[in-house]
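target-v1.txt follows (compact mmCIF, C-alpha atoms (C1' of nucleotides)):
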# COMPACT_ATOMS: atom_id res chain seq x y z
CA MET A 244 -3.89 1.86 -7.35
CA THR A 245 -5.83 3.77 -4.76
CA ILE A 246 -4.41 6.86 -3.19
CA PHE A 247 -6.31 7.20 0.04
CA SER A 248 -7.35 4.50 2.44
CA SER A 249 -10.82 4.03 3.81
CA LYS A 250 -9.82 6.04 6.85
CA ALA A 251 -9.93 9.12 4.65
CA GLU A 252 -13.25 8.10 3.12
CA TYR A 253 -14.89 7.41 6.48
CA GLY A 254 -13.36 10.46 8.12
CA VAL A 255 -14.49 12.82 5.41
CA ARG A 256 -17.97 11.37 5.44
CA LEU A 257 -18.05 11.80 9.18
CA MET A 258 -17.01 15.42 8.88
CA VAL A 259 -19.65 16.06 6.24
CA GLU A 260 -22.28 14.51 8.45
CA LEU A 261 -21.20 16.73 11.34
CA GLY A 262 -21.31 19.71 9.03
CA ARG A 263 -24.92 18.91 8.18
CA GLN A 264 -25.97 19.09 11.81
CA GLU A 265 -26.91 22.32 13.46
CA PRO A 266 -23.96 23.40 15.56
CA GLY A 267 -23.83 23.46 19.35
CA ARG A 268 -25.42 20.06 19.85
CA PRO A 269 -23.23 16.97 20.15
CA VAL A 270 -23.94 14.01 17.90
CA SER A 271 -23.17 10.53 19.13
CA LEU A 272 -20.84 8.40 17.11
CA LYS A 273 -23.48 5.69 17.02
CA ALA A 274 -25.87 8.01 15.21
CA LEU A 275 -23.15 8.88 12.71
CA ALA A 276 -22.26 5.23 12.21
CA ASP A 277 -25.88 4.37 11.57
CA ALA A 278 -26.37 7.27 9.19
CA GLU A 279 -23.42 6.19 7.09
CA SER A 280 -23.68 2.43 7.68
CA LEU A 281 -20.15 2.25 8.98
CA PRO A 282 -18.73 0.06 11.77
CA LEU A 283 -18.89 1.94 15.03
CA ALA A 284 -15.76 0.47 16.61
CA TYR A 285 -13.66 1.42 13.63
CA LEU A 286 -15.09 4.92 13.47
CA GLU A 287 -13.81 5.45 16.99
CA GLN A 288 -10.27 5.19 15.71
CA VAL A 289 -11.03 7.49 12.83
CA VAL A 290 -12.66 10.21 14.89
CA ALA A 291 -9.84 10.03 17.41
CA ARG A 292 -7.49 11.31 14.72
CA LEU A 293 -9.82 14.18 13.92
CA ARG A 294 -10.06 15.08 17.57
CA LYS A 295 -6.31 15.00 18.13
CA ALA A 296 -5.93 17.29 15.12
CA GLY A 297 -8.32 19.76 16.71
CA LEU A 298 -10.94 19.47 13.98
CA VAL A 299 -13.72 18.13 16.17
CA GLU A 300 -14.50 18.39 19.86
CA SER A 301 -16.24 15.93 22.09
CA ALA A 302 -18.20 15.49 25.31
CA ARG A 303 -18.28 12.25 27.24
CA GLY A 304 -21.10 10.65 29.13
CA ALA A 305 -24.77 10.40 28.35
CA HIS A 306 -25.94 12.76 25.60
CA GLY A 307 -22.31 13.29 24.74
CA GLY A 308 -20.93 13.20 21.25
CA TYR A 309 -18.94 15.15 18.70
CA TRP A 310 -19.21 18.47 16.90
CA LEU A 311 -17.07 20.58 14.61
CA ALA A 312 -14.46 22.65 16.39
CA ARG A 313 -14.73 25.39 13.76
CA PRO A 314 -17.39 26.39 11.24
CA ALA A 315 -17.27 24.28 8.10
CA GLU A 316 -16.28 27.27 5.98
CA GLU A 317 -13.00 27.54 7.87
CA ILE A 318 -12.02 23.89 7.51
CA THR A 319 -10.04 23.05 4.40
CA MET A 320 -9.95 19.44 3.29
CA ASP A 321 -6.20 19.69 3.36
CA ASP A 322 -6.36 19.65 7.15
CA VAL A 323 -8.91 16.87 7.26
CA VAL A 324 -7.07 14.49 4.96
CA GLU A 325 -3.74 15.17 6.59
CA ALA A 326 -5.21 14.39 10.00
CA LEU A 327 -6.60 11.12 8.71
CA GLU A 328 -3.80 9.89 6.49
CA GLY A 329 -0.77 11.70 7.80
CA ALA A 330 1.44 14.03 5.80
CA ILE A 331 0.99 13.73 2.08
CA ALA A 332 4.21 12.53 0.50
CA PRO A 333 4.28 11.11 -2.99
CA MET A 334 7.22 8.86 -2.17
CA GLU A 335 8.97 7.50 0.88
CA CYS A 336 12.04 9.64 0.29
CA PHE A 337 9.95 12.77 0.75
CA VAL A 338 10.13 14.17 4.22
CA GLN A 339 8.17 17.26 5.03
CA GLU A 340 10.09 19.72 7.15
CA ASP A 341 8.39 22.82 8.44
CA THR A 342 6.61 24.61 5.64
CA GLU A 343 6.46 23.68 1.99
CA ARG A 344 10.02 22.42 2.18
CA ILE A 345 10.54 19.10 0.52
CA VAL A 346 13.59 16.97 0.86
CA CYS A 347 14.63 13.91 -1.07
CA SER A 348 16.90 11.55 0.77
CA HIS A 349 18.13 9.88 -2.38
CA VAL A 350 20.52 12.72 -3.03
CA GLY A 351 24.09 11.56 -2.94
CA ASP A 352 24.08 8.20 -4.66
CA HIS A 353 26.63 9.49 -7.08
CA GLY A 354 26.19 13.17 -6.49
CA GLN A 355 23.09 13.22 -8.64
CA ALA A 356 19.85 14.56 -7.25
CA CYS A 357 17.23 12.13 -8.44
CA ALA A 358 15.23 13.38 -11.36
CA THR A 359 12.11 11.84 -9.94
CA LYS A 360 12.10 14.59 -7.36
CA LEU A 361 10.84 17.03 -9.95
CA LEU A 362 7.95 14.77 -10.83
CA TRP A 363 6.84 13.91 -7.31
CA THR A 364 7.04 17.54 -6.31
CA ARG A 365 4.66 18.49 -9.07
CA VAL A 366 2.27 15.69 -8.18
CA GLN A 367 2.26 16.66 -4.54
CA GLY A 368 1.60 20.25 -5.54
CA GLY A 369 -1.39 19.15 -7.57
CA ILE A 370 -2.85 17.18 -4.72
CA VAL A 371 -2.31 19.74 -2.01
CA ARG A 372 -3.68 22.53 -4.15
CA SER A 373 -6.88 20.65 -4.84
CA LEU A 374 -7.30 19.83 -1.15
CA GLN A 375 -6.59 23.36 0.01
CA THR A 376 -9.12 24.93 -2.32
CA THR A 377 -11.94 22.71 -1.11
CA THR A 378 -13.62 23.44 2.20
CA LEU A 379 -15.84 21.22 4.25
CA ALA A 380 -18.64 23.67 3.54
CA ASP A 381 -18.32 22.86 -0.16
CA LEU A 382 -18.90 19.19 0.53
CA VAL A 383 -21.79 19.87 2.88
CA ALA A 384 -23.46 22.03 0.25
CA PHE A 385 -22.89 19.29 -2.33
CA SER A 386 -24.46 16.66 -0.10
CA ARG A 387 -27.49 18.84 0.59
CA ARG A 388 -28.10 19.16 -3.12
CA THR A 389 -28.80 15.45 -3.43
CA ASP A 390 -30.31 14.84 -0.02
CA PRO A 391 -31.80 18.00 1.54
CA GLU A 392 -33.07 16.15 4.63
CA PRO A 393 -30.84 16.77 7.61
CA ALA A 394 -30.32 13.41 9.24
CA ALA A 395 -32.86 14.11 12.04
CA ALA A 396 -30.59 13.46 14.99
CA PRO A 397 -32.58 11.56 17.63
CA ALA A 398 -29.77 12.02 20.13
CA MET B 44 1.21 8.33 3.73
CA THR B 45 2.99 7.63 0.51
CA ILE B 46 1.13 7.74 -2.76
CA PHE B 47 3.29 5.74 -5.10
CA SER B 48 5.14 2.54 -4.47
CA SER B 49 8.76 1.91 -5.24
CA LYS B 50 7.72 0.40 -8.55
CA ALA B 51 6.92 3.91 -9.72
CA GLU B 52 10.15 5.28 -8.35
CA TYR B 53 12.29 2.59 -9.94
CA GLY B 54 10.37 2.65 -13.20
CA VAL B 55 10.61 6.39 -13.60
CA ARG B 56 14.33 6.33 -12.84
CA LEU B 57 14.74 3.59 -15.39
CA MET B 58 12.92 5.63 -18.01
CA VAL B 59 15.02 8.68 -17.23
CA GLU B 60 18.18 6.63 -17.59
CA LEU B 61 17.00 5.32 -20.94
CA GLY B 62 16.17 8.86 -21.98
CA ARG B 63 19.75 9.90 -21.26
CA GLN B 64 21.14 7.33 -23.64
CA GLU B 65 21.60 8.05 -27.30
CA PRO B 66 18.75 6.32 -29.10
CA GLY B 67 19.05 3.27 -31.35
CA ARG B 68 21.37 1.35 -29.09
CA PRO B 69 19.96 -1.11 -26.55
CA VAL B 70 21.02 -0.78 -22.93
CA SER B 71 21.18 -3.88 -20.78
CA LEU B 72 19.14 -4.00 -17.60
CA LYS B 73 22.29 -4.84 -15.68
CA ALA B 74 23.87 -1.57 -16.74
CA LEU B 75 20.75 0.30 -15.66
CA ALA B 76 20.62 -1.54 -12.34
CA ASP B 77 24.26 -0.70 -11.67
CA ALA B 78 23.80 2.94 -12.63
CA GLU B 79 20.90 3.34 -10.20
CA SER B 80 22.04 0.82 -7.57
CA LEU B 81 18.83 -1.13 -7.83
CA PRO B 82 18.27 -4.90 -7.59
CA LEU B 83 18.40 -6.41 -11.07
CA ALA B 84 15.86 -9.18 -10.51
CA TYR B 85 13.27 -6.76 -9.26
CA LEU B 86 13.91 -4.33 -12.11
CA GLU B 87 12.95 -7.12 -14.49
CA GLN B 88 9.41 -7.04 -13.14
CA VAL B 89 9.31 -3.30 -13.36
CA VAL B 90 10.57 -3.05 -16.90
CA ALA B 91 8.16 -5.79 -17.96
CA ARG B 92 5.28 -3.44 -17.18
CA LEU B 93 6.84 -0.69 -19.22
CA ARG B 94 7.30 -3.03 -22.13
CA LYS B 95 3.75 -4.36 -21.99
CA ALA B 96 2.53 -0.77 -22.01
CA GLY B 97 4.52 -0.13 -25.18
CA LEU B 98 6.77 2.48 -23.62
CA VAL B 99 10.03 0.60 -24.12
CA GLU B 100 11.15 -2.03 -26.59
CA SER B 101 13.65 -4.80 -26.13
CA ALA B 102 16.03 -7.17 -27.86
CA ARG B 103 17.04 -10.49 -26.42
CA GLY B 104 20.34 -12.26 -26.51
CA ALA B 105 23.85 -10.95 -26.19
CA HIS B 106 24.14 -7.19 -26.65
CA GLY B 107 20.42 -7.02 -26.21
CA GLY B 108 18.67 -4.60 -23.93
CA TYR B 109 16.02 -1.92 -23.77
CA TRP B 110 15.33 1.41 -25.42
CA LEU B 111 12.55 3.96 -25.53
CA ALA B 112 9.78 3.10 -27.95
CA ARG B 113 9.15 6.80 -28.64
CA PRO B 114 11.22 9.95 -28.23
CA ALA B 115 11.17 11.26 -24.67
CA GLU B 116 9.32 14.40 -25.72
CA GLU B 117 6.32 12.32 -26.70
CA ILE B 118 6.11 10.35 -23.45
CA THR B 119 4.01 11.93 -20.73
CA MET B 120 4.56 10.77 -17.20
CA ASP B 121 0.88 10.05 -17.04
CA ASP B 122 1.49 7.01 -19.26
CA VAL B 123 4.56 5.94 -17.36
CA VAL B 124 3.02 6.05 -13.91
CA GLU B 125 -0.16 4.38 -15.06
CA ALA B 126 1.84 1.55 -16.60
CA LEU B 127 3.72 1.06 -13.36
CA GLU B 128 1.01 1.54 -10.76
CA GLY B 129 -2.18 0.85 -12.64
CA ALA B 130 -5.04 3.28 -13.14
CA ILE B 131 -5.00 6.22 -10.78
CA ALA B 132 -8.05 6.21 -8.55
CA PRO B 133 -8.22 8.26 -5.36
CA MET B 134 -10.50 5.73 -3.69
CA GLU B 135 -11.58 2.14 -4.13
CA CYS B 136 -15.07 3.16 -5.12
CA PHE B 137 -13.66 4.93 -8.16
CA VAL B 138 -13.70 2.75 -11.20
CA GLN B 139 -12.37 4.12 -14.42
CA GLU B 140 -14.55 3.21 -17.37
CA ASP B 141 -13.41 4.07 -20.86
CA THR B 142 -12.36 7.69 -21.00
CA GLU B 143 -12.31 10.21 -18.21
CA ARG B 144 -15.53 8.72 -16.87
CA ILE B 145 -15.56 8.27 -13.16
CA VAL B 146 -18.08 6.27 -11.24
CA CYS B 147 -18.61 5.98 -7.53
CA SER B 148 -20.15 2.75 -6.38
CA HIS B 149 -21.32 4.13 -3.07
CA VAL B 150 -24.31 5.73 -4.70
CA GLY B 151 -27.51 4.25 -3.41
CA ASP B 152 -26.93 3.71 0.30
CA HIS B 153 -29.93 5.83 0.99
CA GLY B 154 -30.25 7.50 -2.35
CA GLN B 155 -27.51 9.94 -1.50
CA ALA B 156 -24.54 10.27 -3.80
CA CYS B 157 -21.57 10.42 -1.46
CA ALA B 158 -20.24 13.91 -0.99
CA THR B 159 -16.72 12.60 -0.94
CA LYS B 160 -17.04 12.02 -4.65
CA LEU B 161 -16.64 15.72 -5.25
CA LEU B 162 -13.43 15.81 -3.26
CA TRP B 163 -11.79 12.74 -4.76
CA THR B 164 -12.67 13.89 -8.24
CA ARG B 165 -10.87 17.15 -7.66
CA VAL B 166 -7.85 15.40 -6.21
CA GLN B 167 -7.64 13.00 -9.09
CA GLY B 168 -7.84 15.91 -11.48
CA GLY B 169 -4.94 17.58 -9.73
CA ILE B 170 -2.80 14.49 -9.96
CA VAL B 171 -3.57 13.58 -13.54
CA ARG B 172 -3.04 17.14 -14.69
CA SER B 173 0.38 17.32 -13.09
CA LEU B 174 1.37 13.99 -14.63
CA GLN B 175 0.08 14.86 -18.07
CA THR B 176 1.92 18.14 -18.24
CA THR B 177 5.26 16.57 -17.44
CA THR B 178 7.12 14.69 -20.15
CA LEU B 179 9.99 12.30 -19.82
CA ALA B 180 12.10 14.86 -21.66
CA ASP B 181 11.51 17.30 -18.80
CA LEU B 182 12.95 14.84 -16.32
CA VAL B 183 15.88 13.97 -18.57
CA ALA B 184 16.72 17.64 -18.92
CA PHE B 185 16.46 18.06 -15.16
CA SER B 186 18.80 15.16 -14.54
CA ARG B 187 21.36 16.48 -17.01
CA ARG B 188 21.44 19.77 -15.15
CA THR B 189 22.88 18.13 -12.07
CA ASP B 190 24.88 15.37 -13.74
CA PRO B 191 25.84 16.20 -17.32
CA GLU B 192 27.85 12.98 -17.79
CA PRO B 193 25.92 10.44 -19.80
CA ALA B 194 26.34 7.16 -17.98
CA ALA B 195 29.00 5.87 -20.38
CA ALA B 196 27.30 2.64 -21.36
CA PRO B 197 29.92 -0.14 -21.58
CA ALA B 198 27.46 -2.40 -23.40
C1' DT C 105 -27.00 3.74 40.45
C1' DC C 106 -27.22 2.86 36.03
C1' DA C 107 -27.56 3.48 31.15
C1' DT C 108 -25.10 6.08 27.84
C1' DT C 109 -21.41 7.63 25.66
C1' DG C 110 -16.42 8.70 24.81
C1' DC C 111 -11.69 6.79 25.28
C1' DC C 112 -7.93 3.44 24.94
C1' DG C 113 -5.11 -0.59 24.06
C1' DA C 114 -4.54 -5.29 22.41
C1' DC C 115 -5.30 -8.47 18.99
C1' DC C 116 -6.18 -10.50 14.28
C1' DC C 117 -6.62 -11.72 9.47
C1' DG C 118 -6.02 -11.19 4.51
C1' DA C 119 -3.72 -8.67 0.99
C1' DA C 120 -0.19 -6.10 -0.93
C1' DT C 121 4.96 -4.67 -1.18
C1' DG C 122 9.35 -5.58 -2.19
C1' DG C 123 11.84 -8.48 -3.11
C1' DT C 124 14.60 -13.58 -4.28
C1' DA C 125 15.36 -17.96 -6.89
C1' DG C 126 15.60 -20.56 -10.73
C1' DG C 127 14.94 -21.73 -14.97
C1' DA C 128 13.82 -21.33 -19.60
C1' DT C 129 14.93 -19.08 -24.37
C1' DT C 130 17.08 -16.08 -27.67
C1' DT C 131 21.06 -14.04 -29.80
C1' DC C 132 25.83 -12.64 -30.71
C1' DC C 133 30.75 -13.90 -30.99
C1' DC C 134 34.56 -16.93 -31.56
C1' DG D 44 28.62 -25.43 -32.48
C1' DG D 45 29.41 -23.78 -27.80
C1' DG D 46 29.52 -20.38 -24.56
C1' DA D 47 28.29 -16.08 -22.67
C1' DA D 48 25.13 -12.46 -22.39
C1' DA D 49 20.92 -11.11 -22.24
C1' DT D 50 15.67 -11.03 -21.99
C1' DC D 51 11.66 -13.52 -20.29
C1' DC D 52 8.56 -16.06 -17.05
C1' DT D 53 6.77 -18.28 -12.90
C1' DA D 54 6.80 -19.38 -8.33
C1' DC D 55 7.88 -18.37 -3.72
C1' DC D 56 8.66 -15.67 0.63
C1' DA D 57 9.06 -12.29 4.52
C1' DT D 58 7.31 -8.27 6.35
C1' DT D 59 4.18 -4.60 6.64
C1' DC D 60 -0.21 -2.46 6.52
C1' DG D 61 -5.11 -1.87 6.03
C1' DG D 62 -9.30 -2.68 8.08
C1' DG D 63 -11.26 -4.07 11.26
C1' DT D 64 -12.97 -6.57 16.24
C1' DC D 65 -13.09 -6.96 21.26
C1' DG D 66 -13.03 -5.78 25.97
C1' DG D 67 -12.59 -2.71 29.48
C1' DC D 68 -12.18 1.77 31.78
C1' DA D 69 -13.86 6.68 32.60
C1' DA D 70 -17.04 10.21 32.71
C1' DT D 71 -21.58 12.20 32.63
C1' DG D 72 -26.67 12.92 32.96
C1' DA D 73 -31.27 11.17 34.51
Let's see the structure in the file written out as structure tokens.
Amino acid sequence: MTIFSSKAEYGVRLMVELGRQEPGRPVSLKALADAESLPLAYLEQVVARLRKAGLVESARGAHGGYWLARPAEEITMDDVVEALEGAIAPMECFVQEDTERIVCSHVGDHGQACATKLLWTRVQGGIVRSLQTTTLADLVAFSRRTDPEPAAAPA
Amino acid sequence: MTIFSSKAEYGVRLMVELGRQEPGRPVSLKALADAESLPLAYLEQVVARLRKAGLVESARGAHGGYWLARPAEEITMDDVVEALEGAIAPMECFVQEDTERIVCSHVGDHGQACATKLLWTRVQGGIVRSLQTTTLADLVAFSRRTDPEPAAAPA
DNA sequence: TCATTGCCGACCCGAATGGTAGGATTTCCC
DNA sequence: GGGAAATCCTACCATTCGGGTCGGCAATGA
């Protein structure tokens, strides 16, 4: 089984690529698609989610493009993945309320709260914790270690 | 997004129900299906996975049924979920080799190991750790807290 | 004015999910 | 021996979803 869809993979790669660029200058989606060998039309849908979540900003028209809305150090992967995949719920019956609250709708079958709730809660905790403690800057630094060349944006 | 399918939900509930029973006596799938209000025919497929993974054993014929192959204390939810959902990989490009080894097939696009690897590895670690540190006995105890009645198996 | 780029909605195809149906086959009980 | 009660096994099916494609509109700079 795979946990995340390719939206998450593409979106994270896109964010990393943006993090590698020097800030203040927009990068066209075409350049990003070429750099990562990803289909441009599909990336449009992916980046739209990131924009609606306020993680990237954009400029239209010639020499337009995208850039990070905040410095990479202040972006936790928790936000990125949630923007791309939606709220992280281990199971359908988990509905996220406001903050940290978790509700299982299977309560009430015969008065018994389902025991699986305990398990899924722990799993969710494990995932969210690992996402929250990783910033985009971490990934950018990791990518520079293997490929120090910045992708030479010929805007 | 939901992480696990209903196979995991049903299978875990089934294991918990088996854990609530006194050992040594087989419980019919029909009784389990009734206790959890789940479709019998579908549960057959679910329990087949648990049996093939060696987590439950079975006896055919009248008064046959299922029981835990090991005491609940010795069953980690890691094993249960893996039997039900298959190997846990955060992303398609993760292929589990023999033990703990993780490989990302996206290496080589332009010599750059994908930075997402770092992230997915951490996430997988968070999940596996939470599953390994929870035993079936934990869930059984949790379920008894809310519903102390053992489900009165009328064989 | 025109190329470049972001933005948006419709459509589409294959695979997986969540089942159902039906028939073996084995075993206990009378 | 004959049911009845069970596990087992395979095939099938409806719907959803993932992973895209396509076409067109809107805005912006040269």
Specify as a count of residues only all residues of chain D found within 7 Å of chain A, counting all atoms listed in the file. 4
Quick one: contact table of chain B to chain A, 9 Å max, nearest atom pair and distance in Å to one decimal per residue, counting all atoms listed in the file, chain and number order, as a tab-separated table?
residue	atom	partner	partner_atom	distance
B:Met44	CA	A:Gly329	CA	5.6
B:Thr45	CA	A:Ala332	CA	5.0
B:Ile46	CA	A:Pro333	CA	4.6
B:Phe47	CA	A:Met334	CA	5.8
B:Ser48	CA	A:Met334	CA	7.0
B:Ser49	CA	A:Met334	CA	7.8
B:Glu52	CA	A:Thr359	CA	7.0
B:Val55	CA	A:Thr359	CA	6.7
B:Arg56	CA	A:Thr359	CA	6.6
B:Val59	CA	A:Ala358	CA	7.5
B:Glu79	CA	A:Asp352	CA	8.0
B:Ser80	CA	A:Asp352	CA	8.2
B:Met120	CA	A:Leu362	CA	8.3
B:Glu125	CA	A:Met244	CA	8.9
B:Glu128	CA	A:Met244	CA	6.0
B:Gly129	CA	A:Met244	CA	5.7
B:Ala130	CA	A:Met244	CA	6.1
B:Ile131	CA	A:Met244	CA	5.7
B:Ala132	CA	A:Thr245	CA	5.0
B:Pro133	CA	A:Ile246	CA	4.6
B:Met134	CA	A:Thr245	CA	5.2
B:Glu135	CA	A:Thr245	CA	6.0
B:Phe137	CA	A:Thr245	CA	8.6
B:Asp152	CA	A:Glu279	CA	8.0
B:His153	CA	A:Glu279	CA	8.9
B:Gly154	CA	A:Asp390	CA	7.7
B:Gln155	CA	A:Asp390	CA	5.8
B:Ala156	CA	A:Thr389	CA	6.7
B:Cys157	CA	A:Ser386	CA	7.0
B:Ala158	CA	A:Ser386	CA	5.1
B:Thr159	CA	A:Arg256	CA	6.6
B:Leu161	CA	A:Leu382	CA	7.1
B:Leu162	CA	A:Thr377	CA	7.4
B:Arg165	CA	A:Ser373	CA	6.0
B:Val166	CA	A:Ser373	CA	5.5
B:Gln167	CA	A:Ile370	CA	7.7
B:Gly168	CA	A:Gly369	CA	8.2
B:Gly169	CA	A:Gly369	CA	4.4
B:Ile170	CA	A:Gly369	CA	5.4
B:Val171	CA	A:Val366	CA	8.2
B:Arg172	CA	A:Gly369	CA	7.6
B:Ser173	CA	A:Val366	CA	5.5
B:Leu174	CA	A:Val366	CA	6.7
B:Thr177	CA	A:Leu362	CA	7.4
B:Asp181	CA	A:Leu361	CA	8.9
B:Leu182	CA	A:Ala358	CA	5.7
B:Val183	CA	A:Ala358	CA	7.3
B:Ala184	CA	A:Ala358	CA	8.8
B:Phe185	CA	A:Ala358	CA	6.2
B:Ser186	CA	A:Ala358	CA	5.1
B:Arg187	CA	A:Ala358	CA	8.9
B:Thr189	CA	A:Gln355	CA	6.0
B:Asp190	CA	A:Gln355	CA	5.8
Residue list as a list in words for point (8.1, -7.1, -20.3), cut-off 12 Å, all atoms listed in the file: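 Those within range, by chain then number, are Leu72, Leu86, Glu87, Gln88, Val89, Val90, Ala91, Arg92, Leu93, Arg94, Lys95, Ala96, Gly97, Leu98, Val99, Glu100, Ser101, Ala102, Arg103, Gly108, Tyr109, Ala126 and Leu127 of chain B; DT50, DC51 and DC52 of chain D.
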Measuring between only C-alpha atoms, which one of A:Leu257, A:Val323, A:Ala380, A:Gly262 shows the shortest distance to Ala274 of chain A?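 Looking at the shortest contact to Ala274 of chain A, the residue is A:Leu257.
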How many Å lie between atom CA of Met58 of chain B and atom C1' of DT59 of chain D, rounded to one decimal?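 If I compute the distance from atom CA of Met58 of chain B to atom C1' of DT59 of chain D, I get 28.1 Å.
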Find, counting only C-alpha atoms (C1' of nucleotides), the residue in A:Ala276, A:Val324, A:Leu281, A:Val270 that gets nearest to chain C.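 Of all the options, A:Val270 lies closest to chain C.
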Padding 3 Å on every side, please: axis-aligned box over the listed atoms of segment 360-367 of chain A, centre and edge lengths to one decimal in Å, as AutoDock Vina command-line options.
--center_x 7.2 --center_y 16.2 --center_z -7.7 --size_x 15.8 --size_y 10.6 --size_z 12.3
Could you write out as a list in words the residues of chain C within 12 Å of chain B, counting all atoms listed in the file?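 The contacting residues on chain C are DA120, DT121, DG122, DG123, DT124, DA125, DG126, DT129, DT130, DT131, DC132 and DC133 of chain C.
Atom pair atom C1' of DA119 of chain C / atom C1' of DG61 of chain D has a distance of 8.6 Å (rounded to one decimal).
Relative to atom C1' of DA114 of chain C, atom CA of Ser271 of chain A is found at 24.7 Å.
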Taking (-7.5, -12.3, 13.4) in the file's coordinates, which residues come within 12 Å, counting all atoms listed in the file, written as a short mmCIF file (atom, residue, chain, number, x, y, z; two decimals) with C-alpha atoms (C1' of nucleotides), in the coordinates of the input?
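Output file part_13.cif follows:
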data_model
loop_
_atom_site.label_atom_id
_atom_site.label_comp_id
_atom_site.auth_asym_id
_atom_site.auth_seq_id
_atom_site.Cartn_x
_atom_site.Cartn_y
_atom_site.Cartn_z
"C1'" DA C 114 -4.54 -5.29 22.41
"C1'" DC C 115 -5.30 -8.47 18.99
"C1'" DC C 116 -6.18 -10.50 14.28
"C1'" DC C 117 -6.62 -11.72 9.47
"C1'" DG C 118 -6.02 -11.19 4.51
"C1'" DG D 62 -9.30 -2.68 8.08
"C1'" DG D 63 -11.26 -4.07 11.26
"C1'" DT D 64 -12.97 -6.57 16.24
"C1'" DC D 65 -13.09 -6.96 21.26
#
May I ask which of the residues D:DA49, D:DC68, D:DC56, D:DA73 is the closest one to DG113 of chain C, counting all atoms listed in the file?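 Once distances to DG113 of chain C are computed over all atoms listed in the file, the minimum belongs to D:DC68.
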Could I get chain D from the block written out with C-alpha atoms (C1' of nucleotides), as a PDB file, in the first residue's frame?
ATOM      1  C1'  DG D  44     -25.371 -41.812   6.465  1.00  0.00           C
ATOM      2  C1'  DG D  45     -27.521 -37.287   6.056  1.00  0.00           C
ATOM      3  C1'  DG D  46     -27.942 -32.761   7.259  1.00  0.00           C
ATOM      4  C1'  DA D  47     -26.373 -28.542   9.070  1.00  0.00           C
ATOM      5  C1'  DA D  48     -22.682 -25.636  10.105  1.00  0.00           C
ATOM      6  C1'  DA D  49     -18.748 -23.947   8.983  1.00  0.00           C
ATOM      7  C1'  DT D  50     -14.373 -22.722   6.333  1.00  0.00           C
ATOM      8  C1'  DC D  51     -12.469 -22.077   1.740  1.00  0.00           C
ATOM      9  C1'  DC D  52     -12.005 -20.408  -3.111  1.00  0.00           C
ATOM     10  C1'  DT D  53     -12.945 -18.074  -7.474  1.00  0.00           C
ATOM     11  C1'  DA D  54     -15.261 -15.092 -10.279  1.00  0.00           C
ATOM     12  C1'  DC D  55     -17.835 -11.057 -10.992  1.00  0.00           C
ATOM     13  C1'  DC D  56     -19.517  -6.189 -10.468  1.00  0.00           C
ATOM     14  C1'  DA D  57     -20.471  -1.216  -9.418  1.00  0.00           C
ATOM     15  C1'  DT D  58     -18.514   2.898  -8.053  1.00  0.00           C
ATOM     16  C1'  DT D  59     -14.833   5.846  -6.965  1.00  0.00           C
ATOM     17  C1'  DC D  60     -10.393   7.805  -7.474  1.00  0.00           C
ATOM     18  C1'  DG D  61      -5.836   8.669  -9.236  1.00  0.00           C
ATOM     19  C1'  DG D  62      -3.409  10.603 -12.804  1.00  0.00           C
ATOM     20  C1'  DG D  63      -3.529  12.683 -16.204  1.00  0.00           C
ATOM     21  C1'  DT D  64      -4.982  15.498 -21.096  1.00  0.00           C
ATOM     22  C1'  DC D  65      -7.142  19.270 -23.631  1.00  0.00           C
ATOM     23  C1'  DG D  66      -8.838  23.679 -24.763  1.00  0.00           C
ATOM     24  C1'  DG D  67      -9.755  28.158 -23.767  1.00  0.00           C
ATOM     25  C1'  DC D  68      -9.690  32.511 -21.192  1.00  0.00           C
ATOM     26  C1'  DA D  69      -7.089  36.319 -18.688  1.00  0.00           C
ATOM     27  C1'  DA D  70      -3.336  39.054 -17.647  1.00  0.00           C
ATOM     28  C1'  DT D  71       1.169  40.984 -18.355  1.00  0.00           C
ATOM     29  C1'  DG D  72       5.578  42.615 -20.474  1.00  0.00           C
ATOM     30  C1'  DA D  73       8.273  43.680 -24.740  1.00  0.00           C
TER      31       DA D  73
END
